[in-house]
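> Contents of my_file27.cif (mmCIF, C-alpha atoms and all ligand atoms):
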```cif
data_work
loop_
_atom_site.group_PDB
_atom_site.id
_atom_site.type_symbol
_atom_site.label_atom_id
_atom_site.label_comp_id
_atom_site.auth_asym_id
_atom_site.auth_seq_id
_atom_site.Cartn_x
_atom_site.Cartn_y
_atom_site.Cartn_z
ATOM 1 C CA MET A 345 -15.929 -50.854 7.245
ATOM 2 C CA SER A 346 -16.742 -50.430 3.545
ATOM 3 C CA LYS A 347 -14.136 -51.010 0.829
ATOM 4 C CA ASN A 348 -13.951 -47.257 0.363
ATOM 5 C CA GLU A 349 -13.257 -46.709 4.045
ATOM 6 C CA LEU A 350 -10.617 -49.442 4.066
ATOM 7 C CA LEU A 351 -8.891 -47.870 1.043
ATOM 8 C CA ASP A 352 -9.031 -44.493 2.792
ATOM 9 C CA ALA A 353 -7.449 -46.090 5.864
ATOM 10 C CA ILE A 354 -4.554 -47.410 3.741
ATOM 11 C CA ALA A 355 -4.149 -43.963 2.157
ATOM 12 C CA ALA A 356 -4.063 -42.353 5.618
ATOM 13 C CA GLU A 357 -1.230 -44.712 6.637
ATOM 14 C CA VAL A 358 0.707 -44.021 3.430
ATOM 15 C CA ILE A 359 0.479 -40.240 3.811
ATOM 16 C CA VAL A 360 2.402 -40.338 7.106
ATOM 17 C CA CYS A 361 4.487 -43.455 6.398
ATOM 18 C CA PRO A 362 8.044 -43.243 7.784
ATOM 19 C CA LYS A 363 9.093 -46.780 6.790
ATOM 20 C CA CYS A 364 11.837 -46.093 4.228
ATOM 21 C CA ARG A 365 14.369 -43.405 3.295
ATOM 22 C CA LEU A 366 12.064 -41.936 0.634
ATOM 23 C CA SER A 367 9.933 -40.477 3.422
ATOM 24 C CA LYS A 368 12.778 -38.026 4.154
ATOM 25 C CA SER A 369 12.855 -36.401 0.716
ATOM 26 C CA ARG A 370 9.191 -36.548 -0.337
ATOM 27 C CA LYS A 371 6.884 -33.566 -0.297
ATOM 28 C CA ASN A 372 3.744 -35.705 -0.459
ATOM 29 C CA ALA A 373 3.281 -39.467 -0.445
ATOM 30 C CA VAL A 374 0.993 -40.727 -3.231
ATOM 31 C CA PRO A 375 -1.305 -43.546 -2.058
ATOM 32 C CA GLY A 376 -3.144 -43.965 -5.381
ATOM 33 C CA GLU A 377 -6.727 -43.147 -6.282
ATOM 34 C CA GLY A 378 -9.797 -44.413 -8.067
ATOM 35 C CA SER A 379 -12.772 -46.699 -7.695
ATOM 36 C CA PRO A 380 -12.826 -49.360 -4.947
ATOM 37 C CA ASP A 381 -14.804 -51.530 -7.399
ATOM 38 C CA SER A 382 -12.391 -51.023 -10.258
ATOM 39 C CA LEU A 383 -12.246 -53.674 -12.958
ATOM 40 C CA ILE A 384 -8.734 -52.535 -13.850
ATOM 41 C CA MET A 385 -5.775 -51.400 -11.745
ATOM 42 C CA PHE A 386 -2.964 -49.473 -13.407
ATOM 43 C CA ILE A 387 0.352 -49.770 -11.589
ATOM 44 C CA GLY A 388 3.324 -47.564 -12.374
ATOM 45 C CA GLU A 389 6.761 -47.318 -10.831
ATOM 46 C CA ALA A 390 6.947 -44.310 -8.496
ATOM 47 C CA PRO A 391 5.701 -40.725 -8.184
ATOM 48 C CA GLY A 392 7.564 -38.086 -10.186
ATOM 49 C CA TYR A 393 7.869 -34.340 -9.625
ATOM 50 C CA TRP A 394 4.212 -33.368 -10.142
ATOM 51 C CA GLU A 395 2.871 -36.401 -8.302
ATOM 52 C CA ASP A 396 5.091 -35.485 -5.333
ATOM 53 C CA MET A 397 3.868 -31.889 -5.476
ATOM 54 C CA LYS A 398 0.192 -32.828 -5.620
ATOM 55 C CA GLY A 399 0.021 -36.174 -3.788
ATOM 56 C CA LYS A 400 -1.835 -37.738 -6.730
ATOM 57 C CA PRO A 401 -0.714 -40.417 -9.174
ATOM 58 C CA PHE A 402 0.054 -39.730 -12.846
ATOM 59 C CA VAL A 403 -0.717 -35.994 -12.971
ATOM 60 C CA GLY A 404 2.250 -34.809 -15.059
ATOM 61 C CA ALA A 405 2.717 -35.115 -18.809
ATOM 62 C CA ALA A 406 2.914 -38.934 -18.648
ATOM 63 C CA GLY A 407 -0.270 -38.909 -16.573
ATOM 64 C CA ARG A 408 -2.103 -36.830 -19.148
ATOM 65 C CA PHE A 409 -1.163 -39.389 -21.792
ATOM 66 C CA LEU A 410 -2.321 -42.226 -19.508
ATOM 67 C CA THR A 411 -5.655 -40.422 -19.026
ATOM 68 C CA VAL A 412 -6.103 -40.273 -22.817
ATOM 69 C CA LEU A 413 -5.247 -43.979 -23.148
ATOM 70 C CA ILE A 414 -7.716 -44.921 -20.413
ATOM 71 C CA ALA A 415 -10.411 -42.878 -22.178
ATOM 72 C CA GLU A 416 -9.670 -44.689 -25.441
ATOM 73 C CA VAL A 417 -10.344 -47.975 -23.652
ATOM 74 C CA GLY A 418 -13.735 -46.531 -22.652
ATOM 75 C CA PHE A 419 -13.144 -45.578 -19.029
ATOM 76 C CA SER A 420 -12.512 -42.437 -17.024
ATOM 77 C CA ARG A 421 -9.834 -42.182 -14.349
ATOM 78 C CA SER A 422 -12.480 -42.406 -11.630
ATOM 79 C CA ASP A 423 -13.665 -45.781 -13.016
ATOM 80 C CA VAL A 424 -10.263 -47.406 -12.528
ATOM 81 C CA PHE A 425 -7.615 -47.461 -9.791
ATOM 82 C CA ILE A 426 -4.210 -45.904 -10.441
ATOM 83 C CA THR A 427 -1.221 -46.389 -8.185
ATOM 84 C CA ASN A 428 2.503 -47.166 -8.084
ATOM 85 C CA VAL A 429 4.875 -49.770 -6.715
ATOM 86 C CA VAL A 430 6.392 -47.188 -4.321
ATOM 87 C CA ARG A 431 4.428 -44.239 -2.978
ATOM 88 C CA CYS A 432 7.125 -41.611 -2.449
ATOM 89 C CA ARG A 433 9.222 -39.925 -5.115
ATOM 90 C CA PRO A 434 12.801 -41.211 -5.347
ATOM 91 C CA PRO A 435 15.299 -38.311 -5.441
ATOM 92 C CA LYS A 436 16.002 -37.047 -8.992
ATOM 93 C CA ASN A 437 13.480 -39.615 -10.275
ATOM 94 C CA ARG A 438 15.955 -42.491 -9.869
ATOM 95 C CA GLU A 439 14.543 -46.019 -9.953
ATOM 96 C CA PRO A 440 13.262 -47.256 -6.595
ATOM 97 C CA LEU A 441 15.763 -49.517 -4.851
ATOM 98 C CA PRO A 442 14.932 -53.159 -4.029
ATOM 99 C CA ASP A 443 14.626 -52.500 -0.280
ATOM 100 C CA GLU A 444 12.295 -49.534 -0.927
ATOM 101 C CA ILE A 445 10.084 -51.744 -3.123
ATOM 102 C CA GLU A 446 10.078 -54.482 -0.489
ATOM 103 C CA THR A 447 9.149 -52.024 2.260
ATOM 104 C CA CYS A 448 6.414 -50.247 0.291
ATOM 105 C CA THR A 449 4.647 -53.011 -1.619
ATOM 106 C CA PRO A 450 2.593 -54.326 1.334
ATOM 107 C CA TYR A 451 0.438 -51.206 0.739
ATOM 108 C CA LEU A 452 -0.016 -52.188 -2.913
ATOM 109 C CA ASN A 453 -0.815 -55.774 -1.970
ATOM 110 C CA ARG A 454 -3.476 -54.602 0.489
ATOM 111 C CA GLN A 455 -5.057 -52.413 -2.203
ATOM 112 C CA ILE A 456 -5.086 -55.311 -4.693
ATOM 113 C CA LYS A 457 -6.671 -57.659 -2.135
ATOM 114 C CA LEU A 458 -9.376 -55.115 -1.346
ATOM 115 C CA ILE A 459 -10.217 -54.085 -4.901
ATOM 116 C CA LYS A 460 -9.853 -57.556 -6.467
ATOM 117 C CA PRO A 461 -9.530 -56.209 -10.022
ATOM 118 C CA LYS A 462 -10.044 -58.482 -13.013
ATOM 119 C CA PHE A 463 -7.124 -56.837 -14.845
ATOM 120 C CA ILE A 464 -3.848 -55.364 -13.671
ATOM 121 C CA VAL A 465 -2.072 -53.253 -16.265
ATOM 122 C CA THR A 466 1.574 -52.885 -15.287
ATOM 123 C CA LEU A 467 3.269 -49.770 -16.642
ATOM 124 C CA GLY A 468 6.967 -50.304 -17.201
ATOM 125 C CA ASN A 469 9.715 -52.618 -16.105
ATOM 126 C CA GLN A 470 9.628 -52.190 -12.331
ATOM 127 C CA SER A 471 5.927 -52.727 -11.792
ATOM 128 C CA THR A 472 5.842 -55.638 -14.232
ATOM 129 C CA ALA A 473 8.824 -57.276 -12.506
ATOM 130 C CA TYR A 474 7.128 -56.903 -9.116
ATOM 131 C CA ILE A 475 3.704 -58.214 -10.156
ATOM 132 C CA PHE A 476 5.230 -61.096 -12.164
ATOM 133 C CA SER A 477 7.335 -62.094 -9.143
ATOM 134 C CA GLN A 478 4.249 -62.096 -6.913
ATOM 135 C CA ALA A 479 2.380 -64.214 -9.467
ATOM 136 C CA ASN A 480 5.306 -66.609 -10.048
ATOM 137 C CA LEU A 481 5.385 -65.648 -13.721
ATOM 138 C CA PRO A 482 8.739 -65.727 -15.542
ATOM 139 C CA PHE A 483 9.970 -62.233 -16.421
ATOM 140 C CA SER A 484 12.804 -61.324 -18.754
ATOM 141 C CA GLY A 485 12.057 -57.652 -19.378
ATOM 142 C CA ILE A 486 9.213 -55.375 -20.346
ATOM 143 C CA THR A 487 10.050 -55.490 -24.079
ATOM 144 C CA GLN A 488 9.365 -59.235 -24.130
ATOM 145 C CA ALA A 489 6.403 -59.141 -21.756
ATOM 146 C CA ARG A 490 4.443 -56.188 -23.144
ATOM 147 C CA GLY A 491 1.218 -56.598 -25.048
ATOM 148 C CA LYS A 492 0.481 -60.121 -23.756
ATOM 149 C CA PHE A 493 -2.347 -61.177 -21.456
ATOM 150 C CA CYS A 494 -1.065 -63.384 -18.629
ATOM 151 C CA GLU A 495 -3.532 -65.345 -16.523
ATOM 152 C CA ALA A 496 -2.236 -65.290 -12.978
ATOM 153 C CA SER A 497 -3.037 -66.190 -9.419
ATOM 154 C CA LEU A 498 -1.958 -63.135 -7.486
ATOM 155 C CA LEU A 499 -2.392 -62.875 -3.703
ATOM 156 C CA GLY A 500 -4.981 -65.645 -3.982
ATOM 157 C CA ILE A 501 -6.992 -63.807 -6.658
ATOM 158 C CA LYS A 502 -7.350 -64.788 -10.320
ATOM 159 C CA ILE A 503 -6.207 -61.740 -12.280
ATOM 160 C CA THR A 504 -5.253 -61.095 -15.889
ATOM 161 C CA VAL A 505 -1.961 -59.205 -15.940
ATOM 162 C CA PHE A 506 -1.268 -57.046 -18.984
ATOM 163 C CA PRO A 507 2.127 -55.314 -19.143
ATOM 164 C CA THR A 508 2.950 -52.323 -21.310
ATOM 165 C CA PHE A 509 5.580 -49.612 -21.334
ATOM 166 C CA HIS A 510 5.443 -46.737 -18.855
ATOM 167 C CA PRO A 511 3.587 -43.798 -20.455
ATOM 168 C CA ALA A 512 6.630 -41.582 -19.737
ATOM 169 C CA ALA A 513 8.475 -43.574 -22.422
ATOM 170 C CA ALA A 514 6.028 -42.201 -24.996
ATOM 171 C CA LEU A 515 7.113 -38.640 -24.188
ATOM 172 C CA TYR A 516 10.580 -39.143 -25.629
ATOM 173 C CA SER A 517 9.999 -41.838 -28.264
ATOM 174 C CA ALA A 518 7.405 -41.980 -31.035
ATOM 175 C CA LYS A 519 8.093 -45.715 -31.304
ATOM 176 C CA TYR A 520 7.130 -46.295 -27.662
ATOM 177 C CA LYS A 521 4.086 -44.055 -28.050
ATOM 178 C CA GLU A 522 2.888 -46.160 -30.972
ATOM 179 C CA GLN A 523 3.512 -49.429 -29.103
ATOM 180 C CA ILE A 524 1.726 -48.274 -25.937
ATOM 181 C CA THR A 525 -1.220 -47.073 -28.029
ATOM 182 C CA LYS A 526 -1.353 -50.475 -29.759
ATOM 183 C CA ASP A 527 -1.260 -52.257 -26.388
ATOM 184 C CA PHE A 528 -4.211 -50.210 -25.114
ATOM 185 C CA GLN A 529 -6.111 -51.067 -28.304
ATOM 186 C CA LEU A 530 -5.467 -54.755 -27.515
ATOM 187 C CA LEU A 531 -6.738 -54.147 -23.982
ATOM 188 C CA LYS A 532 -9.909 -52.563 -25.325
ATOM 189 C CA GLU A 533 -10.506 -55.508 -27.680
ATOM 190 C CA GLU A 534 -9.967 -57.997 -24.854
ATOM 191 C CA LEU A 535 -12.400 -56.137 -22.583
ATOM 192 C CA ILE A 536 -15.030 -56.180 -25.346
ATOM 193 C CA LYS A 537 -14.381 -59.884 -26.002
ATOM 194 C CA ARG A 538 -14.894 -60.709 -22.313
ATOM 195 C CA GLY A 539 -17.969 -58.502 -22.000
ATOM 196 C CA ASN A 540 -16.148 -56.155 -19.632
ATOM 197 C CA ALA A 541 -16.167 -53.041 -21.800
ATOM 198 C CA LYS A 542 -17.903 -50.057 -20.253
ATOM 199 C CA ARG A 543 -19.221 -48.793 -23.569
HETATM 200 S S1 LIG B 1 8.004 -45.207 -0.295
HETATM 201 FE FE1 LIG B 1 6.430 -46.421 0.724
HETATM 202 S S2 LIG B 1 7.479 -47.412 2.457
HETATM 203 FE FE2 LIG B 1 8.754 -45.689 1.773
HETATM 204 S S3 LIG B 1 8.121 -43.999 3.086
HETATM 205 FE FE3 LIG B 1 6.923 -43.869 1.167
HETATM 206 S S4 LIG B 1 5.007 -44.945 1.633
HETATM 207 FE FE4 LIG B 1 6.502 -45.537 3.212
#
```
Let's see the structure in the file written out as structure tokens.
Ligand code: SF4

Amino acid sequence: MSKNELLDAIAAEVIVCPKCRLSKSRKNAVPGEGSPDSLIMFIGEAPGYWEDMKGKPFVGAAGRFLTVLIAEVGFSRSDVFITNVVRCRPPKNREPLPDEIETCTPYLNRQIKLIKPKFIVTLGNQSTAYIFSQANLPFSGITQARGKFCEASLLGIKITVFPTFHPAAALYSAKYKEQITKDFQLLKEELIKRGNAKR
């Protein structure tokens, strides 16, 4: 099976997954989407209203901002892989609970192992906490962690982890919007420095 077919197989499992309580309230599970050969994976927290409606990641207002940020780094959405820590929308957009994260993240781990990205950009507290825990990196909150490149061994793969705020934070705070934009500028500079920039 090709990488693409294996990713499709994971997505097919996610779409009908009954493994946690979020399956009861979702409209559509959101497996994630993008290139199987992606240099960068973007990992958010959980689907929101529009993601649940459409079954695609980051398609609401926060998603539109993420798309702009990705373009500023020099990539399109189809060049990268975008997903979340949990794949079904928590009711009323509450944070996913620890047992939901534990039940759902094997899907994320399988996607990471298949894609083997050089960079993982974690978007927000929950995804950063999860990826840092998997990489045995100390984590004391997204405010401290953001904007720093962390060299990690994650699931047996050498990956640079780069945390920033969730793009939804930029929708209600100009300060967060400025900081996220600065972080993506740092990401662009690092990609150029390492010869990984697309253009
Ligand atoms: S959140 Fe994850 S584990 Fe829970 S039902 Fe959805 S896909 Fe399955």
> If the PyMOL selection byres (((chain A and resi 437-453) around 8) and not hetatm) is run on the structure shown, which residues does it catch, given as a PyMOL selection string?
chain A and resi 354+358+363-366+389-390+392-393+427-431+433-436+454-457+499
> Around (3.6, -64.9, -13.5) in the file's frame, which residues reach within 9 Å when counting all atoms listed in the file? Return as a PyMOL selection string?
chain A and resi 475-483+494-498+505
> Please return as a VMD selection string every residue within 8 Å of (-4.2, -43.8, -29.3), taking into account all atoms listed in the file and the file's own coordinates.
chain A and resid 412 to 413 416 522 525 to 526 528 to 529
> Tell me, in Å to one decimal, how far CA of Arg538 (chain A) is from CA of Pro507 (chain A).
18.1 Å
> Considering all atoms listed in the file, return as a CSV table (one decimal) with C-alpha atoms, in the coordinates of the input whatever protein or nucleic-acid residues lie within 7 Å of region 371-377 of chain A, sequence-local ones (same chain, fewer than 2 positions apart) excluded.

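Contents of around39.csv, as written:
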```csv
chain,number,residue,atom,x,y,z
A,355,ALA,CA,-4.1,-44.0,2.2
A,358,VAL,CA,0.7,-44.0,3.4
A,359,ILE,CA,0.5,-40.2,3.8
A,369,SER,CA,12.9,-36.4,0.7
A,391,PRO,CA,5.7,-40.7,-8.2
A,395,GLU,CA,2.9,-36.4,-8.3
A,396,ASP,CA,5.1,-35.5,-5.3
A,397,MET,CA,3.9,-31.9,-5.5
A,398,LYS,CA,0.2,-32.8,-5.6
A,399,GLY,CA,0.0,-36.2,-3.8
A,400,LYS,CA,-1.8,-37.7,-6.7
A,401,PRO,CA,-0.7,-40.4,-9.2
A,425,PHE,CA,-7.6,-47.5,-9.8
A,426,ILE,CA,-4.2,-45.9,-10.4
A,427,THR,CA,-1.2,-46.4,-8.2
A,431,ARG,CA,4.4,-44.2,-3.0
A,432,CYS,CA,7.1,-41.6,-2.4
```
> Suppose you want the space between CA of Asp381 (chain A) and CA of Pro461 (chain A); what is it in Å?
7.5 Å
> So how far away is atom S3 of ligand LIG 1 (chain B) from CA of Thr466 (chain A), in Å?
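Calculated distance between CA of Thr466 (chain A) and atom S3 of ligand LIG 1 (chain B) is 21.4 Å.
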> So that all listed atoms of region 493-509 of chain A fit with 5 Å spare on each side, what axis-aligned box centre and edge lengths in Å, to one decimal, would you give as lines of an AutoDock Vina configuration file?

```
center_x = -0.9
center_y = -57.9
center_z = -12.6
size_x = 22.9
size_y = 26.6
size_z = 27.8
```
> So which residues get picked by the PyMOL selection byres (((chain A and resi 385) around 7) and not hetatm) here, written as a list in words?
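Evaluating the PyMOL selection byres (((chain A and resi 385) around 7) and not hetatm) on this file yields Ser382, Leu383, Ile384, Phe386, Ile387, Val424, Phe425, Ile426, Pro461, Phe463, Ile464 and Val465 of chain A.
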> Which polymer residues have any atom within 10 Å of an atom of Asn469 (chain A), counting only C-alpha atoms, with same-chain residues fewer than 4 positions away left out, as an NGL selection string?
:A and (388-389 or 473-474 or 483-487 or 489-490 or 507-510)
> Nearest to ligand LIG 1 (chain B) among A:Ser422, A:Ser367, A:Ser346, A:Thr472, with distances taken over all atoms listed in the file: which residue is it?
A:Ser367
